[in-house]
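First the structure, in the form of structure tokens, and then the observations on it.
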Amino acid sequence: MSRSTRRGTAHLSAHLSRVITTAALAGLLVAPVACHNGPQPQNDDDQAEVQEPTTLDVMNQGFPDMTIYVVQSGQRIRLGLATGNATVQFVIPRAVVNTPATQLRFIADPIGGSRAPVSDEITVSPGDHVQLTIPAA
């Protein structure tokens with residue numbers, strides 16, 4: 001190979017390296033923009049469903065304070081304390097009510113008491129408002 005041919009080859013190699021490097025950098029700069037989809041549009045029905053919690057209103061007409069539990073598939077989950085002669089609202093966790101027809105029971109365990117009444121099984125859907133009345137003893 002002659003000296004001018006080697007220079008031409010070296011010049012061509014250097015030029016190709018710059019073109020490839022420039023193309024690679026341009027691709028990196030464009031790639032994140034091309035992959036970003038932005039926030040997904042939601043209609044009003046989806047937002048209402050997501051934001052609406054499932055609640056339990058407990059009206060404790062008795063004097064003893066009660067620890068309230070929700071029971072799903074045999075698993076007991078503590079919701080909180082319903083003080084005597086008061087009404088309190090609990091949010092049922094989304095993990096408990098995650099299908100349109102979830103079967104639930106509620107337990108009212110009196111503080112310092114021995115009996116813990118259990119409600120009948122009811123069907124609850126996400127966003128429902130359930131009411132539980134504990135009568136005076």
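Naming works like this for the structure tokens: A, B, ... for the chains as they're shown, residue 1 at the start of each chain, ligands 1 onward in shown order.
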| task | Find the spatial neighbours of Asn60 of chain A, counting only C-alpha atoms, within a cut-off of 9 Å - ignore same-chain residues fewer than 5 positions away - and output them as an MDAnalysis selection string. | result | chainID A and resid 65:66 82:88 132:136
| task | Write out as a PyMOL selection string which residues come within 10 Å of segment 53-58 of chain A when counting only C-alpha atoms, dropping same-chain ones fewer than 5 positions away. | result | chain A and resi 48+66+68+70+79+81-83+86-94+96-97+106+108+124-134
Any chance you can output those residues with N, CA and C atoms as a CSV table (one decimal), in the first residue's frame?
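Resulting contents of selection-v4.csv:
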```csv
chain,number,residue,atom,x,y,z
A,48,ALA,N,-62.8,8.5,39.9
A,48,ALA,CA,-63.7,8.4,41.0
A,48,ALA,C,-63.6,7.0,41.6
A,66,MET,N,-64.9,-1.1,71.7
A,66,MET,CA,-64.8,-2.3,70.9
A,66,MET,C,-63.7,-2.2,69.9
A,68,ILE,N,-62.5,-3.3,66.4
A,68,ILE,CA,-63.2,-3.7,65.2
A,68,ILE,C,-62.2,-4.4,64.3
A,70,VAL,N,-62.1,-6.7,60.5
A,70,VAL,CA,-62.7,-7.2,59.3
A,70,VAL,C,-62.1,-8.6,59.0
A,79,LEU,N,-59.2,-3.0,62.3
A,79,LEU,CA,-59.5,-1.7,61.7
A,79,LEU,C,-59.2,-0.6,62.6
A,81,LEU,N,-60.5,1.1,66.9
A,81,LEU,CA,-61.2,1.1,68.1
A,81,LEU,C,-62.5,2.0,68.0
A,82,ALA,N,-63.6,1.4,68.3
A,82,ALA,CA,-64.9,2.1,68.3
A,82,ALA,C,-65.2,2.3,69.8
A,83,THR,N,-65.2,3.6,70.2
A,83,THR,CA,-65.4,3.9,71.6
A,83,THR,C,-66.9,3.8,71.9
A,86,ALA,N,-70.6,6.0,70.7
A,86,ALA,CA,-70.0,6.9,69.7
A,86,ALA,C,-70.1,6.2,68.3
A,87,THR,N,-70.0,7.0,67.3
A,87,THR,CA,-70.0,6.5,65.9
A,87,THR,C,-68.6,6.9,65.3
A,88,VAL,N,-68.0,5.9,64.7
A,88,VAL,CA,-66.7,6.1,64.1
A,88,VAL,C,-66.6,5.5,62.7
A,89,GLN,N,-65.8,6.1,61.9
A,89,GLN,CA,-65.7,5.6,60.5
A,89,GLN,C,-64.3,5.0,60.3
A,90,PHE,N,-64.2,3.9,59.7
A,90,PHE,CA,-62.9,3.2,59.3
A,90,PHE,C,-62.8,3.1,57.8
A,91,VAL,N,-61.6,3.1,57.3
A,91,VAL,CA,-61.4,2.8,55.9
A,91,VAL,C,-61.0,1.4,55.8
A,92,ILE,N,-61.7,0.6,55.0
A,92,ILE,CA,-61.3,-0.8,54.8
A,92,ILE,C,-60.2,-0.8,53.8
A,93,PRO,N,-59.1,-1.5,54.1
A,93,PRO,CA,-57.9,-1.5,53.1
A,93,PRO,C,-58.3,-2.0,51.8
A,94,ARG,N,-57.7,-1.3,50.7
A,94,ARG,CA,-57.9,-1.7,49.3
A,94,ARG,C,-57.5,-3.2,49.1
A,96,VAL,N,-58.1,-5.6,51.0
A,96,VAL,CA,-59.2,-6.5,51.4
A,96,VAL,C,-60.3,-6.5,50.4
A,97,VAL,N,-60.7,-5.3,50.0
A,97,VAL,CA,-61.8,-5.2,49.0
A,97,VAL,C,-61.2,-4.9,47.6
A,106,PHE,N,-67.5,-8.9,60.1
A,106,PHE,CA,-66.9,-8.0,61.0
A,106,PHE,C,-67.0,-8.5,62.4
A,108,ALA,N,-66.6,-7.4,66.5
A,108,ALA,CA,-66.5,-6.4,67.5
A,108,ALA,C,-66.1,-7.0,68.8
A,124,VAL,N,-69.3,-7.0,49.7
A,124,VAL,CA,-68.8,-5.6,49.7
A,124,VAL,C,-68.0,-5.4,48.4
A,125,SER,N,-68.3,-4.3,47.7
A,125,SER,CA,-67.5,-3.9,46.5
A,125,SER,C,-66.7,-2.6,46.8
A,126,PRO,N,-65.6,-2.4,46.0
A,126,PRO,CA,-64.8,-1.2,46.2
A,126,PRO,C,-65.7,0.1,46.2
A,127,GLY,N,-65.5,1.0,47.1
A,127,GLY,CA,-66.2,2.2,47.2
A,127,GLY,C,-67.5,2.1,48.0
A,128,ASP,N,-67.9,1.0,48.5
A,128,ASP,CA,-69.1,0.8,49.3
A,128,ASP,C,-69.0,1.5,50.6
A,129,HIS,N,-70.1,1.9,51.2
A,129,HIS,CA,-70.1,2.4,52.6
A,129,HIS,C,-71.0,1.5,53.4
A,130,VAL,N,-70.3,0.8,54.3
A,130,VAL,CA,-71.0,-0.3,55.1
A,130,VAL,C,-71.3,0.3,56.5
A,131,GLN,N,-72.4,-0.1,57.1
A,131,GLN,CA,-72.8,0.4,58.4
A,131,GLN,C,-73.0,-0.8,59.3
A,132,LEU,N,-72.3,-0.7,60.5
A,132,LEU,CA,-72.4,-1.7,61.5
A,132,LEU,C,-72.9,-1.1,62.8
A,133,THR,N,-74.0,-1.6,63.4
A,133,THR,CA,-74.5,-1.1,64.6
A,133,THR,C,-74.3,-2.1,65.7
A,134,ILE,N,-73.7,-1.7,66.8
A,134,ILE,CA,-73.5,-2.5,68.0
A,134,ILE,C,-74.5,-2.1,69.0
```
| query | Which residue out of A:Ala101, A:Ala137, A:Gln75, A:Tyr69 has the minimum interatomic distance to Gly113 of chain A when only C-alpha atoms are used? | reply | A:Ala137
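Rounded to one decimal, atom CA of Asp109 of chain A and atom CA of Met59 of chain A lie 14.0 Å from each other.
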| Just how far from atom CA of Ser73 of chain A is atom CA of Pro117 of chain A, in Å to one decimal? | 17.5 Å
